[in-house]
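Text of data22.csv (CSV, C-alpha atoms) as supplied:
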chain,number,residue,atom,x,y,z
R,1,MET,CA,0.0,0.0,0.0
R,2,THR,CA,1.3,3.5,-0.9
R,3,VAL,CA,1.8,5.9,2.0
R,4,ASP,CA,0.6,9.5,1.7
R,5,VAL,CA,3.9,11.0,2.7
R,6,THR,CA,2.4,14.5,3.3
R,7,LYS,CA,0.7,13.0,6.3
R,8,VAL,CA,3.6,11.0,7.8
R,9,LYS,CA,4.4,12.0,11.4
R,10,GLY,CA,7.7,11.3,13.2
R,11,ARG,CA,10.1,12.0,10.4
R,12,ARG,CA,13.6,12.8,11.5
R,13,ARG,CA,15.5,15.9,10.8
R,14,VAL,CA,18.5,15.3,8.5
R,15,HIS,CA,21.0,17.8,7.1
R,16,PHE,CA,23.8,17.3,4.6
R,17,ASP,CA,26.5,19.7,3.6
R,18,SER,CA,28.0,17.5,0.8
R,19,PRO,CA,27.2,14.6,-1.4
R,20,GLU,CA,29.9,12.6,0.5
R,21,ALA,CA,27.8,13.1,3.7
R,22,ILE,CA,24.8,11.6,1.9
R,23,TYR,CA,26.8,8.4,1.2
R,24,GLU,CA,28.2,8.3,4.8
R,25,GLU,CA,24.6,8.4,6.1
R,26,ALA,CA,23.5,5.7,3.8
R,27,LEU,CA,26.4,3.5,5.0
R,28,ARG,CA,25.4,4.2,8.6
R,29,LEU,CA,21.8,3.4,8.0
R,30,SER,CA,22.8,0.1,6.3
R,31,ARG,CA,24.3,-1.2,9.5
R,32,GLY,CA,21.3,-1.4,11.6
R,33,PRO,CA,17.6,-2.0,11.8
R,34,LEU,CA,15.4,0.8,10.2
R,35,ARG,CA,11.9,1.8,10.5
R,36,GLN,CA,10.5,2.9,7.1
R,37,LEU,CA,7.9,5.6,7.3
R,38,GLY,CA,7.6,6.4,3.6
R,39,ASN,CA,7.3,4.5,0.4
R,40,LEU,CA,11.0,3.8,-0.4
R,41,ASN,CA,13.2,1.5,1.5
R,42,LEU,CA,17.0,2.2,1.9
R,43,ALA,CA,18.0,0.4,-1.2
R,44,GLN,CA,15.4,2.2,-3.3
R,45,THR,CA,16.4,5.5,-1.7
R,46,CYS,CA,20.1,5.0,-2.5
R,47,GLY,CA,19.3,3.9,-6.1
R,48,HIS,CA,17.0,6.8,-6.6
R,49,LEU,CA,19.5,9.4,-5.3
R,50,ALA,CA,22.3,7.8,-7.5
R,51,ILE,CA,20.1,8.0,-10.6
R,52,TRP,CA,19.4,11.7,-9.9
R,53,MET,CA,23.1,12.4,-9.3
R,54,ASN,CA,24.1,10.7,-12.5
R,55,LEU,CA,21.4,12.5,-14.5
R,56,SER,CA,22.6,15.9,-13.2
R,57,ILE,CA,25.8,15.1,-15.0
R,58,ASP,CA,24.6,13.2,-18.0
R,59,GLY,CA,21.3,15.0,-18.7
R,60,GLY,CA,18.1,13.3,-19.7
R,61,ILE,CA,16.1,13.9,-16.6
R,62,PRO,CA,12.7,12.6,-17.6
R,63,MET,CA,10.6,15.5,-16.4
R,64,ASP,CA,8.8,18.2,-18.4
R,65,PRO,CA,7.4,20.7,-16.0
R,66,GLN,CA,4.7,23.2,-17.0
R,67,PRO,CA,6.0,26.8,-17.6
R,68,TRP,CA,4.2,28.0,-14.5
R,69,GLN,CA,6.0,25.3,-12.4
R,70,LYS,CA,9.3,26.5,-13.8
R,71,PHE,CA,8.5,30.1,-13.1
R,72,ILE,CA,7.6,29.4,-9.5
R,73,ALA,CA,10.6,27.1,-8.9
R,74,ARG,CA,13.0,29.7,-10.3
R,75,LEU,CA,11.4,32.5,-8.3
R,76,PHE,CA,12.1,30.5,-5.1
R,77,LYS,CA,15.4,28.9,-6.3
R,78,SER,CA,17.5,30.1,-3.3
R,79,MET,CA,14.9,28.9,-0.8
R,80,ILE,CA,14.7,25.5,-2.6
R,81,LEU,CA,18.5,25.1,-2.4
R,82,SER,CA,18.8,26.1,1.2
R,83,HIS,CA,15.7,24.8,3.0
R,84,PRO,CA,14.1,21.3,3.4
R,85,LEU,CA,12.1,20.1,0.5
R,86,PRO,CA,8.4,19.4,1.2
R,87,ALA,CA,7.2,15.8,1.0
R,88,GLY,CA,4.6,14.7,-1.5
R,89,TYR,CA,5.8,15.7,-5.0
R,90,LYS,CA,4.3,13.2,-7.4
R,91,LEU,CA,6.6,12.2,-10.2
R,92,PRO,CA,4.9,11.7,-13.6
R,93,GLN,CA,4.5,8.0,-14.3
R,94,ARG,CA,7.2,7.9,-17.0
R,95,ALA,CA,9.7,9.6,-14.6
R,96,GLN,CA,8.7,7.3,-11.8
R,97,GLN,CA,9.5,4.2,-13.9
R,98,ILE,CA,13.0,5.6,-14.6
R,99,LEU,CA,13.8,7.3,-11.3
R,100,VAL,CA,12.4,4.9,-8.6
R,101,PRO,CA,14.0,1.5,-8.4
R,102,GLU,CA,12.0,-1.6,-7.5
R,103,SER,CA,11.4,-2.5,-3.9
R,104,ASP,CA,13.3,-5.8,-4.0
R,105,ARG,CA,16.5,-4.0,-5.0
R,106,GLU,CA,19.7,-5.4,-3.4
R,107,LEU,CA,21.1,-3.0,-0.8
R,108,GLY,CA,24.8,-3.7,-1.5
R,109,SER,CA,24.5,-2.8,-5.2
R,110,ALA,CA,22.4,0.3,-4.4
R,111,LEU,CA,25.1,1.5,-2.0
R,112,GLU,CA,27.8,1.0,-4.6
R,113,GLU,CA,25.8,2.9,-7.2
R,114,LEU,CA,25.4,5.8,-4.7
R,115,ARG,CA,29.1,5.7,-3.9
R,116,GLN,CA,30.0,5.8,-7.6
R,117,ALA,CA,27.5,8.7,-8.2
R,118,VAL,CA,29.0,10.7,-5.3
R,119,GLU,CA,32.4,10.1,-6.7
R,120,ARG,CA,31.3,11.3,-10.2
R,121,LEU,CA,29.9,14.5,-8.6
R,122,ARG,CA,33.3,15.0,-7.0
R,123,LEU,CA,35.4,14.4,-10.1
R,124,GLU,CA,33.3,15.7,-13.0
R,125,GLU,CA,32.8,19.4,-13.6
R,126,ARG,CA,29.9,19.1,-16.1
R,127,ARG,CA,26.3,19.7,-14.9
R,128,CYS,CA,23.2,19.7,-17.0
R,129,ASP,CA,20.3,22.1,-16.6
R,130,SER,CA,17.6,21.3,-14.1
R,131,PRO,CA,14.1,20.8,-15.7
R,132,MET,CA,12.6,23.0,-12.9
R,133,LEU,CA,15.4,25.4,-11.9
R,134,GLY,CA,17.3,25.8,-15.2
R,135,ARG,CA,21.0,26.3,-15.2
R,136,LEU,CA,22.6,25.4,-11.9
R,137,SER,CA,26.3,25.6,-10.9
R,138,ARG,CA,28.1,22.6,-9.6
R,139,GLN,CA,27.6,23.9,-6.0
R,140,GLU,CA,23.9,24.6,-6.6
R,141,TRP,CA,23.4,21.0,-7.9
R,142,ASP,CA,25.3,19.7,-4.8
R,143,ALA,CA,23.0,21.7,-2.6
R,144,LEU,CA,19.9,20.4,-4.5
R,145,HIS,CA,21.2,16.8,-4.1
R,146,CYS,CA,21.7,17.4,-0.4
R,147,ARG,CA,18.1,18.8,0.0
R,148,HIS,CA,16.7,15.9,-2.0
R,149,ALA,CA,18.6,13.3,0.1
R,150,GLU,CA,17.5,15.0,3.4
R,151,LEU,CA,13.9,14.6,2.2
R,152,HIS,CA,14.2,10.9,1.5
R,153,PHE,CA,16.4,10.0,4.5
R,154,SER,CA,13.9,11.7,6.8
R,155,PHE,CA,11.5,8.8,6.2
R,156,LEU,CA,14.1,6.2,7.4
R,157,LEU,CA,14.5,6.0,11.2
R,158,PRO,CA,17.5,4.1,12.6
R,159,GLU,CA,16.6,1.9,15.5
R,160,GLY,CA,18.9,0.4,18.2
R,161,PRO,CA,22.4,1.3,19.2
R,162,GLU,CA,23.4,2.8,15.8
R,163,SER,CA,20.5,5.3,16.0
R,164,THR,CA,22.5,8.0,17.9
Translate this structure into structure tokens?
Amino acid sequence: MTVDVTKVKGRRRVHFDSPEAIYEEALRLSRGPLRQLGNLNLAQTCGHLAIWMNLSIDGGIPMDPQPWQKFIARLFKSMILSHPLPAGYKLPQRAQQILVPESDRELGSALEELRQAVERLRLEERRCDSPMLGRLSRQEWDALHCRHAELHFSFLLPEGPEST
């Protein structure tokens, strides 16, 4: 059953300053039991973030926002890049098929994909335009990746001794 993520209570606050910190948190979460509050498990989350990171370099993000959506997003660009993203954005069906891995995804391979994507962000200068925000610098893309990861990791709660 799909969870309405706009109504989820008890999400955790997460903040990342770099893509490397995203990967470190994924590794930390992989070590212990998790409580999943949203629709994506840890492997799906890692795979989803890796896909987005790679597409920010390679292009081909499968989204075609309406002109009014672009206008609003660009108007609030600095806020989007510096504040938590709201939950509940519905990807178009075509985009969801490309951007959201299957739920039976293997965690080890998803973590490796995330590691490789973070490494590409570190090594490669090229960045493509964002469908919503337009041209972004490398630093702006990194900030967007951090906000995106904060949103998804907020739905994954570590339990047990690794939770502190």
Subject >> atom CA of Thr2 of chain R to atom CA of Pro86 of chain R, distance in Å rounded to a single decimal >> reply: 17.5 Å
Original post:
Which residue gives the smallest distance to Pro65 of chain R among R:Phe155, R:Ala50, R:Gly108, R:Ser130, with only C-alpha atoms counted?
Top reply: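 Among the listed residues, the smallest separation from Pro65 of chain R belongs to R:Ser130.
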Original post:
Which one is closest to Met1 of chain R: R:Leu40, R:Leu156, R:Leu151, R:Leu81? Count all atoms listed in the file.
Top reply: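 Closest candidate: R:Leu40.
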**OP:** Select, counting only C-alpha atoms, all protein, DNA and RNA residues no farther than 12 Å from (28.7, 11.2, -22.9) in file coordinates, and express the selection as a ChimeraX atom specification.
**Re:** /R:54-55,57-60,124,126-128
Subject >> Pairwise distance for atom CA of Trp68 of chain R and atom CA of Ser56 of chain R, rounded to one decimal in Å >> reply: 22.1 Å
**OP:** Write out as number ranges by chain each polymer residue whose atoms come within 8 Å of segment 14-29 of chain R, counting all atoms listed in the file; drop sequence neighbours fewer than 3 positions from it.
**Re:** R: 32-34, 42, 46, 111, 114-115, 118, 121, 142-143, 145-147, 149-151, 153-154, 158, 162
Subject >> Option closest in space to Leu75 of chain R, from R:Ser109, R:Glu102, R:Arg94, R:Gly134 [counting all atoms listed in the file] >> reply: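 Comparing R:Ser109, R:Glu102, R:Arg94, R:Gly134 against Leu75 of chain R, the winner is R:Gly134.
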Edge lengths and centre in Å to one decimal, as AutoDock Vina command-line options, of the axis-aligned box that encloses all listed atoms of segment 14-28 of chain R with 8 Å added on every side?
--center_x 24.2 --center_y 11.6 --center_z 3.6 --size_x 27.4 --size_y 32.2 --size_z 26.0
Any idea what's packed within 9 Å of Thr6 of chain R, counting all atoms listed in the file, ignoring anything in its chain fewer than 3 positions away? Could you give it as an mmCIF file with C-alpha atoms, keeping the file's coordinate frame?
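As a result, part-v6.cif now contains:
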data_model
loop_
_atom_site.group_PDB
_atom_site.id
_atom_site.type_symbol
_atom_site.label_atom_id
_atom_site.label_comp_id
_atom_site.auth_asym_id
_atom_site.auth_seq_id
_atom_site.Cartn_x
_atom_site.Cartn_y
_atom_site.Cartn_z
ATOM 1 C CA VAL R 3 1.800 5.900 2.000
ATOM 2 C CA LYS R 9 4.400 12.000 11.400
ATOM 3 C CA PRO R 86 8.400 19.400 1.200
ATOM 4 C CA ALA R 87 7.200 15.800 1.000
ATOM 5 C CA GLY R 88 4.600 14.700 -1.500
#
Original post:
Could you state the separation of atom CA of Lys77 of chain R and atom CA of His148 of chain R in Å, given to one decimal place?
Top reply: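 Distance between the two atoms: 13.8 Å.
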Slice of the block: segment 10-153 of chain R, C-alpha atoms, as an mmCIF file, in the first residue's frame:
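Once written, selection16.cif looks like this:
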data_model
loop_
_atom_site.group_PDB
_atom_site.id
_atom_site.type_symbol
_atom_site.label_atom_id
_atom_site.label_comp_id
_atom_site.auth_asym_id
_atom_site.auth_seq_id
_atom_site.Cartn_x
_atom_site.Cartn_y
_atom_site.Cartn_z
ATOM 1 C CA GLY R 10 7.655 11.328 13.235
ATOM 2 C CA ARG R 11 10.074 11.959 10.387
ATOM 3 C CA ARG R 12 13.589 12.759 11.499
ATOM 4 C CA ARG R 13 15.522 15.919 10.787
ATOM 5 C CA VAL R 14 18.481 15.317 8.530
ATOM 6 C CA HIS R 15 20.966 17.811 7.109
ATOM 7 C CA PHE R 16 23.774 17.263 4.616
ATOM 8 C CA ASP R 17 26.512 19.689 3.622
ATOM 9 C CA SER R 18 27.966 17.541 0.838
ATOM 10 C CA PRO R 19 27.186 14.552 -1.361
ATOM 11 C CA GLU R 20 29.883 12.632 0.549
ATOM 12 C CA ALA R 21 27.829 13.096 3.740
ATOM 13 C CA ILE R 22 24.839 11.563 1.945
ATOM 14 C CA TYR R 23 26.821 8.410 1.224
ATOM 15 C CA GLU R 24 28.168 8.273 4.787
ATOM 16 C CA GLU R 25 24.606 8.403 6.139
ATOM 17 C CA ALA R 26 23.517 5.662 3.755
ATOM 18 C CA LEU R 27 26.351 3.460 5.043
ATOM 19 C CA ARG R 28 25.403 4.227 8.648
ATOM 20 C CA LEU R 29 21.764 3.367 8.008
ATOM 21 C CA SER R 30 22.760 0.124 6.279
ATOM 22 C CA ARG R 31 24.331 -1.180 9.502
ATOM 23 C CA GLY R 32 21.266 -1.434 11.648
ATOM 24 C CA PRO R 33 17.565 -1.953 11.768
ATOM 25 C CA LEU R 34 15.448 0.772 10.226
ATOM 26 C CA ARG R 35 11.861 1.808 10.504
ATOM 27 C CA GLN R 36 10.529 2.925 7.125
ATOM 28 C CA LEU R 37 7.882 5.644 7.313
ATOM 29 C CA GLY R 38 7.578 6.396 3.598
ATOM 30 C CA ASN R 39 7.312 4.481 0.353
ATOM 31 C CA LEU R 40 10.991 3.841 -0.392
ATOM 32 C CA ASN R 41 13.249 1.457 1.491
ATOM 33 C CA LEU R 42 16.961 2.222 1.944
ATOM 34 C CA ALA R 43 18.039 0.392 -1.223
ATOM 35 C CA GLN R 44 15.426 2.210 -3.309
ATOM 36 C CA THR R 45 16.422 5.522 -1.738
ATOM 37 C CA CYS R 46 20.120 4.983 -2.502
ATOM 38 C CA GLY R 47 19.341 3.917 -6.059
ATOM 39 C CA HIS R 48 16.977 6.850 -6.590
ATOM 40 C CA LEU R 49 19.535 9.372 -5.327
ATOM 41 C CA ALA R 50 22.287 7.800 -7.469
ATOM 42 C CA ILE R 51 20.107 8.017 -10.582
ATOM 43 C CA TRP R 52 19.418 11.713 -9.931
ATOM 44 C CA MET R 53 23.096 12.444 -9.312
ATOM 45 C CA ASN R 54 24.119 10.749 -12.546
ATOM 46 C CA LEU R 55 21.385 12.517 -14.520
ATOM 47 C CA SER R 56 22.566 15.882 -13.197
ATOM 48 C CA ILE R 57 25.844 15.137 -14.998
ATOM 49 C CA ASP R 58 24.619 13.188 -18.034
ATOM 50 C CA GLY R 59 21.311 14.953 -18.679
ATOM 51 C CA GLY R 60 18.098 13.295 -19.729
ATOM 52 C CA ILE R 61 16.081 13.941 -16.563
ATOM 53 C CA PRO R 62 12.665 12.559 -17.555
ATOM 54 C CA MET R 63 10.562 15.500 -16.447
ATOM 55 C CA ASP R 64 8.774 18.164 -18.445
ATOM 56 C CA PRO R 65 7.369 20.689 -15.974
ATOM 57 C CA GLN R 66 4.742 23.198 -16.996
ATOM 58 C CA PRO R 67 5.963 26.763 -17.627
ATOM 59 C CA TRP R 68 4.187 27.998 -14.489
ATOM 60 C CA GLN R 69 5.979 25.333 -12.415
ATOM 61 C CA LYS R 70 9.347 26.464 -13.778
ATOM 62 C CA PHE R 71 8.491 30.093 -13.089
ATOM 63 C CA ILE R 72 7.573 29.421 -9.462
ATOM 64 C CA ALA R 73 10.552 27.126 -8.872
ATOM 65 C CA ARG R 74 12.984 29.655 -10.316
ATOM 66 C CA LEU R 75 11.398 32.450 -8.299
ATOM 67 C CA PHE R 76 12.090 30.466 -5.120
ATOM 68 C CA LYS R 77 15.380 28.903 -6.263
ATOM 69 C CA SER R 78 17.517 30.148 -3.348
ATOM 70 C CA MET R 79 14.942 28.924 -0.831
ATOM 71 C CA ILE R 80 14.692 25.526 -2.552
ATOM 72 C CA LEU R 81 18.477 25.125 -2.416
ATOM 73 C CA SER R 82 18.774 26.139 1.244
ATOM 74 C CA HIS R 83 15.657 24.792 3.001
ATOM 75 C CA PRO R 84 14.117 21.334 3.440
ATOM 76 C CA LEU R 85 12.060 20.147 0.488
ATOM 77 C CA PRO R 86 8.389 19.424 1.158
ATOM 78 C CA ALA R 87 7.181 15.838 0.969
ATOM 79 C CA GLY R 88 4.582 14.701 -1.488
ATOM 80 C CA TYR R 89 5.779 15.719 -4.957
ATOM 81 C CA LYS R 90 4.305 13.193 -7.367
ATOM 82 C CA LEU R 91 6.606 12.221 -10.202
ATOM 83 C CA PRO R 92 4.946 11.712 -13.574
ATOM 84 C CA GLN R 93 4.467 8.000 -14.347
ATOM 85 C CA ARG R 94 7.205 7.946 -17.019
ATOM 86 C CA ALA R 95 9.662 9.618 -14.648
ATOM 87 C CA GLN R 96 8.731 7.281 -11.802
ATOM 88 C CA GLN R 97 9.545 4.247 -13.934
ATOM 89 C CA ILE R 98 13.045 5.613 -14.568
ATOM 90 C CA LEU R 99 13.802 7.309 -11.255
ATOM 91 C CA VAL R 100 12.390 4.910 -8.650
ATOM 92 C CA PRO R 101 14.038 1.475 -8.350
ATOM 93 C CA GLU R 102 12.016 -1.635 -7.546
ATOM 94 C CA SER R 103 11.380 -2.457 -3.867
ATOM 95 C CA ASP R 104 13.267 -5.770 -4.048
ATOM 96 C CA ARG R 105 16.474 -3.963 -4.958
ATOM 97 C CA GLU R 106 19.665 -5.358 -3.360
ATOM 98 C CA LEU R 107 21.106 -2.952 -0.797
ATOM 99 C CA GLY R 108 24.782 -3.686 -1.522
ATOM 100 C CA SER R 109 24.494 -2.799 -5.198
ATOM 101 C CA ALA R 110 22.419 0.305 -4.411
ATOM 102 C CA LEU R 111 25.057 1.518 -1.959
ATOM 103 C CA GLU R 112 27.769 0.957 -4.566
ATOM 104 C CA GLU R 113 25.780 2.908 -7.162
ATOM 105 C CA LEU R 114 25.401 5.761 -4.689
ATOM 106 C CA ARG R 115 29.131 5.690 -3.903
ATOM 107 C CA GLN R 116 29.991 5.834 -7.595
ATOM 108 C CA ALA R 117 27.526 8.665 -8.238
ATOM 109 C CA VAL R 118 28.959 10.703 -5.347
ATOM 110 C CA GLU R 119 32.440 10.088 -6.731
ATOM 111 C CA ARG R 120 31.335 11.317 -10.170
ATOM 112 C CA LEU R 121 29.942 14.492 -8.596
ATOM 113 C CA ARG R 122 33.319 15.034 -6.956
ATOM 114 C CA LEU R 123 35.387 14.397 -10.072
ATOM 115 C CA GLU R 124 33.326 15.705 -12.979
ATOM 116 C CA GLU R 125 32.776 19.416 -13.638
ATOM 117 C CA ARG R 126 29.914 19.094 -16.115
ATOM 118 C CA ARG R 127 26.349 19.661 -14.922
ATOM 119 C CA CYS R 128 23.179 19.733 -16.987
ATOM 120 C CA ASP R 129 20.271 22.110 -16.599
ATOM 121 C CA SER R 130 17.587 21.252 -14.075
ATOM 122 C CA PRO R 131 14.145 20.824 -15.675
ATOM 123 C CA MET R 132 12.608 22.995 -12.942
ATOM 124 C CA LEU R 133 15.379 25.383 -11.919
ATOM 125 C CA GLY R 134 17.273 25.830 -15.187
ATOM 126 C CA ARG R 135 21.034 26.340 -15.207
ATOM 127 C CA LEU R 136 22.644 25.419 -11.897
ATOM 128 C CA SER R 137 26.275 25.644 -10.893
ATOM 129 C CA ARG R 138 28.081 22.600 -9.565
ATOM 130 C CA GLN R 139 27.640 23.943 -6.007
ATOM 131 C CA GLU R 140 23.926 24.567 -6.572
ATOM 132 C CA TRP R 141 23.448 21.040 -7.903
ATOM 133 C CA ASP R 142 25.284 19.685 -4.840
ATOM 134 C CA ALA R 143 22.963 21.704 -2.589
ATOM 135 C CA LEU R 144 19.932 20.360 -4.457
ATOM 136 C CA HIS R 145 21.216 16.790 -4.098
ATOM 137 C CA CYS R 146 21.656 17.395 -0.355
ATOM 138 C CA ARG R 147 18.105 18.765 0.044
ATOM 139 C CA HIS R 148 16.746 15.860 -2.010
ATOM 140 C CA ALA R 149 18.593 13.288 0.115
ATOM 141 C CA GLU R 150 17.479 14.995 3.351
ATOM 142 C CA LEU R 151 13.876 14.583 2.244
ATOM 143 C CA HIS R 152 14.205 10.873 1.468
ATOM 144 C CA PHE R 153 16.362 9.970 4.475
#
